[in-house]
Amino acid sequence: RACANMGVSRLILAAPRDHDPGRAEALATARGRQVLTAAVRCPDLETALAPFSRVYGTTARIGGWRKGMVTPRAAAAEIVPALAAGEATALVFGPEDAGLTNQETRLCGRLVTIPTADGATSLNLAQAVLILLYECLTTARDHARPGGPPAVVTPPGAANVGREITHAEREALFSTLGKALAAIDFLKDDN
(Lines give C-alpha, C1' and ligand atoms only; values in the text may rest on other atoms or scores of the structure.)
Protein backbone atom coordinates (compact mmCIF):
# COMPACT_ATOMS: atom_id res chain seq x y z
CA ARG A 1 0.00 0.00 0.00
CA ALA A 2 2.82 2.44 0.86
CA CYS A 3 4.42 1.88 -2.55
CA ALA A 4 1.15 2.49 -4.38
CA ASN A 5 0.34 5.57 -2.28
CA MET A 6 3.71 7.13 -3.07
CA GLY A 7 3.72 6.28 -6.80
CA VAL A 8 6.16 3.36 -6.73
CA SER A 9 5.16 0.48 -8.98
CA ARG A 10 8.34 -1.62 -8.94
CA LEU A 11 8.84 -3.94 -5.97
CA ILE A 12 11.58 -6.56 -5.70
CA LEU A 13 11.46 -9.14 -2.91
CA ALA A 14 14.86 -10.64 -2.08
CA ALA A 15 14.61 -14.11 -0.52
CA PRO A 16 11.33 -13.30 1.21
CA ARG A 17 10.73 -15.25 4.43
CA ASP A 18 7.25 -16.45 5.28
CA HIS A 19 5.89 -14.69 2.20
CA ASP A 20 2.17 -15.34 1.83
CA PRO A 21 0.95 -13.68 -1.39
CA GLY A 22 -2.69 -14.44 -0.59
CA ARG A 23 -2.52 -12.78 2.82
CA ALA A 24 -0.66 -9.79 1.41
CA GLU A 25 -3.19 -9.34 -1.40
CA ALA A 26 -6.10 -9.56 1.04
CA LEU A 27 -4.63 -6.63 3.00
CA ALA A 28 -3.77 -4.55 -0.08
CA THR A 29 -5.75 -1.82 -1.78
CA ALA A 30 -6.60 -2.24 -5.47
CA ARG A 31 -3.48 -0.30 -6.53
CA GLY A 32 -1.44 -2.09 -3.89
CA ARG A 33 -2.49 -5.42 -5.42
CA GLN A 34 -1.12 -4.23 -8.76
CA VAL A 35 2.26 -3.62 -7.12
CA LEU A 36 2.17 -7.05 -5.45
CA THR A 37 1.16 -8.82 -8.66
CA ALA A 38 4.03 -7.21 -10.56
CA ALA A 39 6.57 -7.83 -7.76
CA VAL A 40 9.72 -9.69 -8.75
CA ARG A 41 11.23 -12.30 -6.44
CA CYS A 42 15.00 -12.82 -6.32
CA PRO A 43 16.91 -15.59 -4.53
CA ASP A 44 19.09 -13.14 -2.57
CA LEU A 45 19.79 -9.45 -2.06
CA GLU A 46 22.97 -9.39 -4.14
CA THR A 47 21.09 -10.74 -7.17
CA ALA A 48 18.29 -8.22 -6.62
CA LEU A 49 20.77 -5.32 -6.48
CA ALA A 50 22.96 -6.36 -9.43
CA PRO A 51 21.42 -4.01 -12.05
CA PHE A 52 21.28 -0.90 -9.84
CA SER A 53 23.88 1.86 -9.88
CA ARG A 54 22.70 3.45 -6.61
CA VAL A 55 21.69 1.46 -3.56
CA TYR A 56 20.27 3.03 -0.39
CA GLY A 57 19.81 0.74 2.62
CA THR A 58 17.76 1.63 5.67
CA THR A 59 18.87 0.94 9.22
CA ALA A 60 18.26 2.12 12.77
CA ARG A 61 21.71 0.85 13.79
CA ILE A 62 24.25 3.64 13.86
CA GLY A 63 27.89 3.88 14.84
CA GLY A 64 30.83 1.59 14.23
CA TRP A 65 31.69 1.16 10.57
CA ARG A 66 28.42 2.79 9.48
CA LYS A 67 29.62 6.23 8.39
CA GLY A 68 27.98 8.98 6.37
CA MET A 69 24.40 8.01 7.17
CA VAL A 70 21.76 10.33 5.75
CA THR A 71 18.19 11.19 6.68
CA PRO A 72 15.30 10.32 4.36
CA ARG A 73 15.11 13.97 3.23
CA ALA A 74 18.83 14.07 2.38
CA ALA A 75 18.57 10.72 0.60
CA ALA A 76 15.59 11.98 -1.43
CA ALA A 77 17.64 15.02 -2.49
CA GLU A 78 20.15 12.58 -4.03
CA ILE A 79 17.68 9.97 -5.30
CA VAL A 80 15.30 12.23 -7.24
CA PRO A 81 17.96 13.81 -9.49
CA ALA A 82 19.58 10.40 -10.00
CA LEU A 83 16.26 8.91 -11.13
CA ALA A 84 15.65 11.93 -13.40
CA ALA A 85 19.07 11.28 -14.96
CA GLY A 86 18.08 7.67 -15.64
CA GLU A 87 20.13 6.02 -12.89
CA ALA A 88 18.73 2.74 -11.64
CA THR A 89 18.25 3.34 -7.92
CA ALA A 90 17.24 0.83 -5.24
CA LEU A 91 15.87 1.42 -1.75
CA VAL A 92 16.51 -1.55 0.53
CA PHE A 93 14.42 -2.36 3.60
CA GLY A 94 14.99 -5.28 5.92
CA PRO A 95 12.47 -7.65 7.47
CA GLU A 96 10.06 -6.34 10.07
CA ASP A 97 11.59 -8.17 13.04
CA ALA A 98 15.32 -7.56 12.62
CA GLY A 99 16.00 -5.12 9.78
CA LEU A 100 18.98 -5.53 7.50
CA THR A 101 21.93 -7.62 8.63
CA ASN A 102 25.45 -6.17 8.71
CA GLN A 103 26.26 -8.16 5.57
CA GLU A 104 23.22 -6.72 3.80
CA THR A 105 23.99 -3.14 4.81
CA ARG A 106 27.51 -3.59 3.43
CA LEU A 107 25.93 -4.17 0.00
CA CYS A 108 24.43 -0.67 0.11
CA GLY A 109 26.34 2.34 -1.17
CA ARG A 110 24.48 4.70 1.20
CA LEU A 111 22.71 4.13 4.49
CA VAL A 112 19.57 5.98 5.52
CA THR A 113 18.38 6.30 9.08
CA ILE A 114 15.10 7.80 10.18
CA PRO A 115 15.58 10.09 13.19
CA THR A 116 13.44 9.10 16.17
CA ALA A 117 13.17 9.99 19.85
CA ASP A 118 15.94 8.59 22.06
CA GLY A 119 15.37 5.00 23.05
CA ALA A 120 12.66 4.39 20.44
CA THR A 121 14.54 3.71 17.22
CA SER A 122 12.48 0.84 15.86
CA LEU A 123 9.84 1.50 13.21
CA ASN A 124 7.73 -1.11 11.53
CA LEU A 125 8.48 -1.86 7.90
CA ALA A 126 5.43 -0.06 6.46
CA GLN A 127 6.27 3.09 8.43
CA ALA A 128 9.88 3.12 7.24
CA VAL A 129 8.86 2.54 3.61
CA LEU A 130 6.22 5.25 3.77
CA ILE A 131 8.54 7.85 5.32
CA LEU A 132 11.32 7.34 2.79
CA LEU A 133 8.99 7.20 -0.21
CA TYR A 134 7.10 10.26 1.04
CA GLU A 135 10.34 12.26 1.09
CA CYS A 136 11.13 11.08 -2.45
CA LEU A 137 7.63 11.95 -3.69
CA THR A 138 7.61 15.44 -2.17
CA THR A 139 11.14 16.12 -3.43
CA ALA A 140 10.13 15.00 -6.93
CA ARG A 141 7.07 17.25 -6.83
CA ASP A 142 9.22 20.20 -5.69
CA HIS A 143 11.57 19.57 -8.63
CA ALA A 144 8.66 19.37 -11.07
CA ARG A 145 6.86 22.58 -10.06
CA PRO A 146 7.63 25.82 -11.91
CA GLY A 147 10.46 27.63 -10.21
CA GLY A 148 11.46 24.49 -8.30
CA PRO A 149 15.01 23.20 -8.33
CA PRO A 150 16.17 21.61 -11.58
CA ALA A 151 15.63 17.87 -11.80
CA VAL A 152 19.26 17.21 -12.72
CA VAL A 153 22.09 19.31 -11.40
CA THR A 154 25.27 19.07 -13.46
CA PRO A 155 28.38 20.75 -12.07
CA PRO A 156 29.85 23.44 -14.33
CA GLY A 157 32.30 21.96 -16.81
CA ALA A 158 31.11 18.41 -16.17
CA ALA A 159 30.45 16.22 -19.16
CA ASN A 160 28.23 13.19 -19.41
CA VAL A 161 30.80 10.42 -19.71
CA GLY A 162 28.39 7.49 -19.89
CA ARG A 163 26.31 5.38 -17.60
CA GLU A 164 26.82 4.72 -13.90
CA ILE A 165 28.48 1.49 -12.81
CA THR A 166 26.03 -1.20 -11.65
CA HIS A 167 26.12 -2.83 -8.24
CA ALA A 168 27.33 -6.12 -9.77
CA GLU A 169 30.14 -4.35 -11.64
CA ARG A 170 31.15 -2.44 -8.49
CA GLU A 171 31.25 -5.64 -6.43
CA ALA A 172 33.37 -7.35 -9.11
CA LEU A 173 35.76 -4.38 -9.09
CA PHE A 174 36.08 -4.44 -5.29
CA SER A 175 36.64 -8.20 -5.30
CA THR A 176 39.36 -7.96 -7.95
CA LEU A 177 40.96 -5.01 -6.19
CA GLY A 178 40.94 -6.90 -2.86
CA LYS A 179 42.59 -9.93 -4.46
CA ALA A 180 45.25 -7.76 -6.12
CA LEU A 181 46.02 -5.91 -2.86
CA ALA A 182 46.25 -9.24 -0.99
CA ALA A 183 48.54 -10.67 -3.71
CA ILE A 184 51.04 -7.83 -3.27
CA ASP A 185 50.76 -8.26 0.54
CA PHE A 186 49.20 -4.81 1.03
CA LEU A 187 46.12 -6.40 2.64
CA LYS A 188 46.64 -9.20 5.15
CA ASP A 189 44.43 -12.27 4.89
CA ASP A 190 43.46 -12.07 8.57
CA ASN A 191 42.27 -8.45 8.29
# chains A, B, ... in the order shown; residues from 1 in each chain; ligands from 1

$ residues_around --residues "range 170-177 of chain A" --least-positions-apart "2" --cutoff "12 Å" --atoms "only C-alpha atoms" --output "list of chain:residue names"
A:Glu46, A:Thr47, A:Leu49, A:Ala50, A:Pro51, A:Phe52, A:Ser53, A:Arg54, A:Val55, A:Arg106, A:Leu107, A:Cys108, A:Gly109, A:Glu164, A:Ile165, A:Thr166, A:His167, A:Ala168, A:Lys179, A:Ala180, A:Leu181, A:Ala182, A:Ala183, A:Ile184, A:Phe186, A:Leu187

$ select_by_dssp --residues "chain A" --states "alpha helix (DSSP H)" --output "PyMOL selection string"
chain A and resi 2-5+21-27+30-38+45-49+72-84+102-106+125-144+167-183

$ closest_residue --among "A:Leu125, A:Ala4, A:Ala39, A:Ala30" --to "Leu100 in chain A" --atoms "only C-alpha atoms"
A:Leu125

$ select_by_dssp --residues "range 1-60 of chain A" --states "strand (DSSP E)" --output "ChimeraX atom specification"
/A:12-14,40-42,54-58

$ write_last_selection --atoms "N, CA, C and O atoms" --output "tab-separated table (two decimals), in the first residue's frame"
chain	number	residue	atom	x	y	z
A	12	ILE	N	10.77	-5.35	-5.59
A	12	ILE	CA	11.58	-6.56	-5.70
A	12	ILE	C	11.68	-7.15	-4.30
A	12	ILE	O	12.06	-6.47	-3.35
A	13	LEU	N	11.36	-8.43	-4.18
A	13	LEU	CA	11.46	-9.14	-2.91
A	13	LEU	C	12.68	-10.06	-2.98
A	13	LEU	O	12.75	-10.94	-3.84
A	14	ALA	N	13.64	-9.84	-2.09
A	14	ALA	CA	14.86	-10.64	-2.08
A	14	ALA	C	14.74	-11.71	-1.00
A	14	ALA	O	14.66	-11.40	0.18
A	40	VAL	N	8.73	-8.71	-8.30
A	40	VAL	CA	9.72	-9.69	-8.75
A	40	VAL	C	10.36	-10.32	-7.52
A	40	VAL	O	10.68	-9.62	-6.56
A	41	ARG	N	10.56	-11.61	-7.54
A	41	ARG	CA	11.23	-12.30	-6.44
A	41	ARG	C	12.62	-12.73	-6.89
A	41	ARG	O	12.77	-13.30	-7.96
A	42	CYS	N	13.62	-12.44	-6.05
A	42	CYS	CA	15.00	-12.82	-6.32
A	42	CYS	C	15.49	-13.74	-5.22
A	42	CYS	O	15.04	-13.64	-4.08
A	54	ARG	N	22.78	2.83	-7.95
A	54	ARG	CA	22.70	3.45	-6.61
A	54	ARG	C	21.86	2.56	-5.71
A	54	ARG	O	20.78	2.13	-6.10
A	55	VAL	N	22.39	2.32	-4.50
A	55	VAL	CA	21.69	1.46	-3.56
A	55	VAL	C	21.67	2.15	-2.19
A	55	VAL	O	22.73	2.45	-1.63
A	56	TYR	N	20.47	2.41	-1.69
A	56	TYR	CA	20.27	3.03	-0.39
A	56	TYR	C	19.65	2.00	0.54
A	56	TYR	O	18.56	1.50	0.27
A	57	GLY	N	20.34	1.68	1.62
A	57	GLY	CA	19.81	0.74	2.62
A	57	GLY	C	19.33	1.50	3.84
A	57	GLY	O	19.88	2.54	4.19
A	58	THR	N	18.31	0.98	4.49
A	58	THR	CA	17.76	1.63	5.67
A	58	THR	C	18.16	0.86	6.92
A	58	THR	O	18.17	-0.37	6.91
